[in-house]
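Source file: protein37.txt (compact mmCIF, C-alpha atoms)
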# COMPACT_ATOMS: atom_id res chain seq x y z
CA MET G 268 15.92 15.75 4.27
CA GLN G 269 16.73 14.43 0.80
CA ILE G 270 14.22 14.32 -2.07
CA TYR G 271 14.73 11.32 -4.33
CA HIS G 272 13.37 10.81 -7.85
CA ASP G 273 13.52 7.79 -10.12
CA THR G 274 11.67 6.57 -13.21
CA LEU G 275 11.09 2.83 -13.28
CA PRO G 276 11.50 0.80 -16.51
CA GLY G 277 7.75 0.87 -17.28
CA GLY G 278 7.57 4.66 -16.90
CA ALA G 279 6.15 4.85 -13.37
CA THR G 280 7.74 7.56 -11.24
CA LEU G 281 9.02 7.12 -7.71
CA THR G 282 9.44 10.08 -5.36
CA GLY G 283 11.20 9.58 -2.05
CA TYR G 284 11.44 11.67 1.11
CA LEU G 285 14.53 10.50 2.95
CA ARG G 286 15.34 11.38 6.52
CA ASP G 287 18.95 12.44 6.94
CA ALA G 288 21.67 10.27 8.40
CA THR G 289 23.62 12.49 10.78
CA GLU G 290 25.94 12.18 13.74
CA PHE G 291 23.39 14.19 15.71
CA ILE G 292 20.85 11.33 15.33
CA PRO G 293 23.24 8.40 15.73
CA ASP G 294 20.72 5.62 16.33
CA TYR G 295 18.78 5.98 13.06
CA PRO G 296 21.18 5.87 10.10
CA VAL G 297 18.95 3.28 8.38
CA ARG G 298 15.17 3.25 8.65
CA PRO G 299 12.19 1.14 7.58
CA ALA G 300 10.37 2.34 4.46
CA VAL G 301 6.75 2.98 3.51
CA LEU G 302 5.74 2.92 -0.16
CA ILE G 303 2.52 4.88 -0.74
CA LEU G 304 0.16 3.90 -3.57
CA PRO G 305 -2.53 6.58 -4.06
CA GLY G 306 -6.04 5.72 -5.18
CA GLY G 307 -7.99 6.95 -8.17
CA GLY G 308 -9.92 4.04 -9.62
CA TYR G 309 -6.95 2.97 -11.76
CA GLU G 310 -7.49 6.07 -13.90
CA GLU G 311 -5.39 8.56 -11.90
CA CYS G 312 -3.11 8.75 -8.86
CA SER G 313 -4.78 11.11 -6.40
CA PRO G 314 -2.51 13.79 -4.87
CA ARG G 315 -4.78 13.81 -1.81
CA GLU G 316 -3.49 10.34 -0.95
CA ALA G 317 0.15 11.12 -1.62
CA ASP G 318 1.98 13.99 0.14
CA PRO G 319 -0.49 14.37 3.05
CA VAL G 320 0.01 10.69 3.88
CA ALA G 321 3.76 10.81 3.33
CA VAL G 322 4.11 13.53 5.96
CA GLN G 323 2.48 11.29 8.59
CA PHE G 324 4.94 8.45 8.05
CA LEU G 325 7.87 10.86 7.83
CA GLN G 326 6.93 12.18 11.24
CA ALA G 327 6.88 8.61 12.55
CA GLY G 328 10.49 8.17 11.38
CA TYR G 329 10.19 6.26 8.12
CA GLN G 330 11.80 6.72 4.74
CA VAL G 331 8.75 7.39 2.56
CA PHE G 332 8.19 6.87 -1.14
CA ILE G 333 5.23 7.71 -3.39
CA LEU G 334 4.63 5.76 -6.59
CA ASP G 335 2.79 7.29 -9.53
CA TYR G 336 1.98 4.02 -11.26
CA THR G 337 0.67 3.44 -14.78
CA VAL G 338 -2.98 4.44 -15.29
CA LYS G 339 -3.26 4.61 -19.09
CA PRO G 340 -4.26 3.17 -21.48
CA ALA G 341 -6.99 0.90 -20.17
CA PRO G 342 -7.23 -1.99 -19.71
CA LEU G 343 -4.01 -1.85 -17.73
CA ARG G 344 -3.84 -5.57 -17.01
CA TRP G 345 -0.66 -6.39 -15.04
CA GLN G 346 1.23 -3.14 -15.59
CA PRO G 347 0.34 -1.43 -12.27
CA ALA G 348 1.31 -4.61 -10.41
CA ILE G 349 4.61 -4.68 -12.28
CA ASP G 350 5.15 -1.02 -11.37
CA ALA G 351 4.43 -1.55 -7.67
CA ALA G 352 6.48 -4.73 -7.36
CA GLY G 353 9.23 -3.04 -9.34
CA ALA G 354 9.23 -0.16 -6.86
CA ILE G 355 9.65 -2.56 -3.93
CA LEU G 356 12.43 -4.31 -5.84
CA HIS G 357 14.09 -0.94 -6.48
CA LEU G 358 14.01 -0.08 -2.77
CA ARG G 359 15.57 -3.41 -1.83
CA ARG G 360 18.27 -3.34 -4.48
CA ASN G 361 19.18 0.25 -3.59
CA ALA G 362 18.64 -0.07 0.15
CA GLU G 363 22.12 1.09 1.15
CA MET G 364 21.97 4.24 -1.00
CA LEU G 365 18.43 5.03 0.19
CA ARG G 366 19.23 4.25 3.85
CA VAL G 367 16.38 1.72 3.90
CA ASP G 368 16.17 -1.53 5.86
CA PRO G 369 15.42 -4.04 3.05
CA ASP G 370 13.64 -6.37 5.48
CA ARG G 371 11.21 -3.69 6.71
CA ILE G 372 9.37 -2.32 3.68
CA ALA G 373 5.64 -1.62 3.99
CA VAL G 374 3.17 -0.72 1.25
CA CYS G 375 0.29 1.64 2.04
CA GLY G 376 -2.50 1.84 -0.52
CA PHE G 377 -5.78 3.73 -0.77
CA SER G 378 -8.89 2.53 -2.65
CA ALA G 379 -7.61 1.23 -6.01
CA GLY G 380 -4.13 1.84 -4.65
CA GLY G 381 -5.17 -0.42 -1.78
CA HIS G 382 -6.01 -3.08 -4.33
CA LEU G 383 -2.58 -2.59 -5.85
CA ALA G 384 -0.88 -2.78 -2.44
CA GLY G 385 -2.78 -5.99 -1.69
CA THR G 386 -1.75 -7.36 -5.06
CA THR G 387 1.95 -6.93 -4.23
CA ALA G 388 1.48 -9.18 -1.19
CA ILE G 389 -1.20 -11.65 -2.31
CA LEU G 390 -0.31 -12.09 -5.99
CA TRP G 391 3.42 -11.64 -5.40
CA ASN G 392 4.27 -14.78 -7.42
CA ALA G 393 2.10 -13.96 -10.48
CA PRO G 394 4.07 -15.12 -13.54
CA ALA G 395 3.37 -11.89 -15.45
CA VAL G 396 4.97 -9.84 -12.67
CA GLN G 397 7.91 -12.12 -11.96
CA GLN G 398 8.77 -12.53 -15.62
CA ALA G 399 8.61 -8.79 -16.25
CA LEU G 400 10.99 -8.14 -13.35
CA GLY G 401 13.23 -11.13 -14.01
CA ILE G 402 12.80 -12.61 -10.54
CA THR G 403 11.57 -15.91 -9.10
CA GLY G 404 11.33 -15.39 -5.33
CA THR G 405 9.88 -12.98 -2.78
CA GLU G 406 12.31 -10.12 -3.51
CA ALA G 407 9.44 -7.85 -4.63
CA ARG G 408 7.00 -8.76 -1.85
CA PRO G 409 6.43 -6.26 0.99
CA ASN G 410 7.01 -7.02 4.67
CA ALA G 411 3.79 -5.32 5.82
CA VAL G 412 0.62 -4.07 4.12
CA VAL G 413 -1.60 -1.09 4.99
CA LEU G 414 -4.93 -0.87 3.16
CA ALA G 415 -7.22 2.13 3.42
CA TYR G 416 -10.80 1.61 2.17
CA PRO G 417 -9.38 -0.85 -0.39
CA VAL G 418 -10.88 -2.20 -3.57
CA VAL G 419 -10.66 -5.97 -3.06
CA THR G 420 -13.35 -8.02 -4.75
CA ALA G 421 -14.53 -8.37 -8.33
CA GLY G 422 -17.72 -9.99 -7.05
CA ALA G 423 -21.03 -8.58 -5.87
CA PHE G 424 -19.44 -5.67 -3.95
CA ALA G 425 -16.97 -4.67 -6.64
CA HIS G 426 -15.99 -1.14 -7.54
CA GLN G 427 -16.70 -1.76 -11.20
CA GLY G 428 -14.77 1.22 -12.51
CA SER G 429 -11.51 -0.03 -11.03
CA PHE G 430 -11.93 -3.48 -12.53
CA ASP G 431 -13.02 -2.06 -15.89
CA ASN G 432 -9.85 0.02 -16.03
CA LEU G 433 -7.70 -2.84 -14.82
CA ALA G 434 -9.07 -5.87 -16.66
CA GLY G 435 -11.69 -4.66 -19.15
CA SER G 436 -14.05 -7.44 -20.17
CA ASP G 437 -11.53 -10.23 -19.47
CA LEU G 438 -13.49 -12.33 -16.97
CA GLU G 439 -10.56 -14.60 -16.18
CA LEU G 440 -8.35 -11.62 -15.35
CA ARG G 441 -11.08 -9.99 -13.27
CA ALA G 442 -11.33 -13.20 -11.24
CA MET G 443 -7.55 -13.28 -10.84
CA PHE G 444 -7.62 -9.74 -9.45
CA SER G 445 -10.37 -10.59 -6.90
CA LEU G 446 -7.90 -10.67 -4.03
CA GLU G 447 -9.97 -12.40 -1.37
CA ASN G 448 -9.90 -15.60 -3.43
CA HIS G 449 -6.10 -15.82 -3.58
CA VAL G 450 -5.04 -15.36 0.02
CA GLN G 451 -2.62 -18.03 1.20
CA GLU G 452 -0.74 -18.80 4.39
CA GLY G 453 2.60 -17.13 4.97
CA LEU G 454 1.65 -13.65 3.78
CA PRO G 455 2.98 -10.53 5.57
CA PRO G 456 0.75 -8.86 8.20
CA PHE G 457 -2.07 -6.53 7.11
CA PHE G 458 -3.60 -3.38 8.58
CA LEU G 459 -7.03 -2.51 7.16
CA TRP G 460 -9.43 0.35 7.80
CA HIS G 461 -12.73 1.29 6.20
CA THR G 462 -15.86 3.30 6.94
CA VAL G 463 -19.13 1.43 7.24
CA ASP G 464 -21.09 4.00 5.22
CA ASP G 465 -18.64 4.13 2.30
CA THR G 466 -20.93 4.31 -0.75
CA THR G 467 -18.16 4.07 -3.36
CA VAL G 468 -16.21 1.01 -2.25
CA PRO G 469 -18.49 -0.97 0.09
CA VAL G 470 -17.08 -2.00 3.46
CA GLN G 471 -17.64 -5.63 2.43
CA ASN G 472 -14.40 -5.37 0.46
CA SER G 473 -12.39 -5.15 3.69
CA LEU G 474 -14.62 -7.68 5.43
CA LEU G 475 -14.15 -10.27 2.69
CA LEU G 476 -10.41 -9.83 2.82
CA ALA G 477 -10.36 -10.04 6.62
CA GLN G 478 -12.34 -13.28 6.46
CA ALA G 479 -9.86 -14.75 3.98
CA LEU G 480 -6.90 -13.64 6.10
CA THR G 481 -8.49 -15.28 9.14
CA GLU G 482 -9.06 -18.54 7.29
CA HIS G 483 -5.42 -18.67 6.18
CA HIS G 484 -3.92 -17.61 9.52
CA VAL G 485 -2.44 -14.37 8.18
CA PRO G 486 -1.99 -11.77 10.97
CA TYR G 487 -4.04 -8.61 10.52
CA GLU G 488 -5.68 -5.71 12.29
CA LEU G 489 -9.04 -4.33 11.09
CA HIS G 490 -10.61 -1.00 12.05
CA LEU G 491 -14.13 -0.04 10.99
CA PHE G 492 -15.41 3.50 11.51
CA ALA G 493 -19.11 4.33 11.36
CA HIS G 494 -18.86 7.45 9.21
CA GLY G 495 -16.58 8.97 6.63
CA LYS G 496 -16.67 9.52 2.90
CA HIS G 497 -14.63 7.49 0.47
CA GLY G 498 -11.24 8.90 -0.41
CA SER G 499 -10.82 10.66 2.93
CA SER G 500 -7.07 10.04 3.11
CA THR G 501 -5.78 11.44 6.41
CA CYS G 502 -9.30 12.61 7.36
CA THR G 503 -8.24 16.22 7.90
CA ALA G 504 -9.33 19.62 6.62
CA GLU G 505 -6.25 19.64 4.39
CA VAL G 506 -7.80 16.91 2.23
CA ASN G 507 -11.35 18.29 2.60
CA ALA G 508 -12.43 15.37 4.75
CA SER G 509 -12.16 16.53 8.35
CA ASN G 510 -13.18 13.76 10.74
CA PRO G 511 -11.13 13.74 13.96
CA HIS G 512 -12.39 10.33 15.07
CA THR G 513 -11.65 8.56 11.77
CA ALA G 514 -8.33 10.40 11.56
CA SER G 515 -7.20 8.21 14.45
CA TRP G 516 -6.40 5.54 11.83
CA VAL G 517 -3.03 7.25 11.37
CA ALA G 518 -1.99 6.80 15.00
CA LEU G 519 -3.40 3.29 15.09
CA CYS G 520 -1.50 2.41 11.95
CA THR G 521 1.85 3.83 13.01
CA GLU G 522 1.51 2.11 16.40
CA TRP G 523 0.75 -1.17 14.63
CA LEU G 524 3.64 -0.76 12.21
CA ALA G 525 6.03 0.07 15.04
CA GLU G 526 5.03 -3.20 16.68
CA VAL G 527 5.35 -5.23 13.47
CA PHE G 528 8.74 -3.74 12.60
CA HIS G 529 9.97 -3.42 16.21
CA TYR G 530 10.72 0.20 15.42
CA SER G 531 9.89 3.43 17.20
CA LEU G 532 11.29 6.89 17.80
CA GLN G 533 9.97 6.85 21.38

Mind turning the file's structure into structure tokens?
Amino acid sequence: MQIYHDTLPGGATLTGYLRDATEFIPDYPVRPAVLILPGGGYEECSPREADPVAVQFLQAGYQVFILDYTVKPAPLRWQPAIDAAGAILHLRRNAEMLRVDPDRIAVCGFSAGGHLAGTTAILWNAPAVQQALGITGTEARPNAVVLAYPVVTAGAFAHQGSFDNLAGSDLELRAMFSLENHVQEGLPPFFLWHTVDDTTVPVQNSLLLAQALTEHHVPYELHLFAHGKHGSSTCTAEVNASNPHTASWVALCTEWLAEVFHYSLQ
């Protein structure tokens, strides 16, 4: 396995875990990729939602990348979105070197990182992002989106800390970052999971997004679990959130992604 490091123009750091291309595994010289965006309320990038998650997608046969995106100084405005879109752009433009299929790149975000992952797909054509990257098309948009207990709405069920760090008191920007209001037809497929008793980011965030995806005919899969604390990552003892039932999101997600990407090691 190869470890890959790169620093993007804005200072965000990208760490990759690349499965080897070898004559002993002849059918998998190039693989789909998963870009992981940890949570942390837009004030940190949580390690609990980085390596432990990466290992799961590595085991499923993906090239995996973790992005430590910009979290200071607040308000961050569009910089995290520029970082995340820039990371997708980097994977596509360096696909041959990274042994990545440029047409099968998924983003996987947790909490505020889920908001950021959703932003790459829903606000993919935001002028601030496209101008910063010097692009005009969908080159920095993912092909699939995985959202774990995501921050979505700036409305009644908002995680205020995330929006304070992202947009400050700019009401227009807060409304722009309320993702459920900007869903449009033609977006890539989504996988969402949340726990009903999440007291930090209410489950209504995922429900509002699912409703918007339904209304705009965007394919998605939604899983709601009765119990589980916010930030539970892989839901194992390793991340201090052991919950075997909720941990099934990993298998459900990799099965879903295999179907979306027509890709499996089985």

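For the choices G:Gly385, G:Pro276, G:Gly380, G:Pro456, the atom-to-atom distance to Leu334 of chain G is smallest for G:Gly380 when using all atoms listed in the file.
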
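Among the candidate residues G:Asn410, G:Thr420, G:Ser500, G:Asn432, the one lying nearest to Ser473 of chain G is G:Thr420, with distances computed using all atoms listed in the file.
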
Excluding Ala379 of chain G and its own-chain neighbours fewer than 3 positions away, which residues fall within 6 Å of it when counting all atoms listed in the file? Please give them as a PyMOL selection string. chain G and resi 306+308+382+418

Using all atoms listed in the file, which of the listed residues (G:Ser436, G:Asn448, G:Thr513, G:Thr501) sits closest to Pro342 of chain G?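 Under the stated criterion, the closest residue is G:Ser436.
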
Within 12 Å of segment 283-305 of chain G, which residues of segment 387-449 of chain G show up? Give each one with its shortest atom-to-atom distance in Å (one decimal) and the two atoms involved, counting only C-alpha atoms, rows by chain then rising residue number, as a Markdown table.
| residue | atom | partner | partner_atom | distance |
| --- | --- | --- | --- | --- |
| G:Thr387 | CA | G:Leu304 | CA | 11.0 |
| G:Arg408 | CA | G:Leu302 | CA | 11.9 |
| G:Pro409 | CA | G:Leu302 | CA | 9.3 |
| G:Asn410 | CA | G:Ala300 | CA | 9.9 |
| G:Ala411 | CA | G:Val301 | CA | 9.1 |
| G:Val412 | CA | G:Val301 | CA | 9.4 |
| G:Val413 | CA | G:Ile303 | CA | 9.2 |
| G:Leu414 | CA | G:Leu304 | CA | 9.7 |
| G:Ala415 | CA | G:Pro305 | CA | 9.9 |
| G:Tyr416 | CA | G:Pro305 | CA | 11.5 |
| G:Pro417 | CA | G:Pro305 | CA | 10.8 |

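Taking all atoms listed in the file into account, Cys375 of chain G lies nearest to G:Val320 out of the set G:Val485, G:Ile270, G:Val320, G:Val527.
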
Any idea what's packed within 9 Å of Gly435 of chain G, counting all atoms listed in the file, ignoring anything in its chain fewer than 3 positions away? Could you give it as a list in words? Ala341, Pro342, Leu343, Arg344, Phe430, Asp431, Asn432, Leu438, Leu440 and Arg441 of chain G

Using all atoms listed in the file, can you tell me which of G:Leu325, G:Leu356, G:Val419, G:Val396 comes closest to Ala442 of chain G?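 Using all atoms listed in the file, Ala442 of chain G sits closest to G:Val419.
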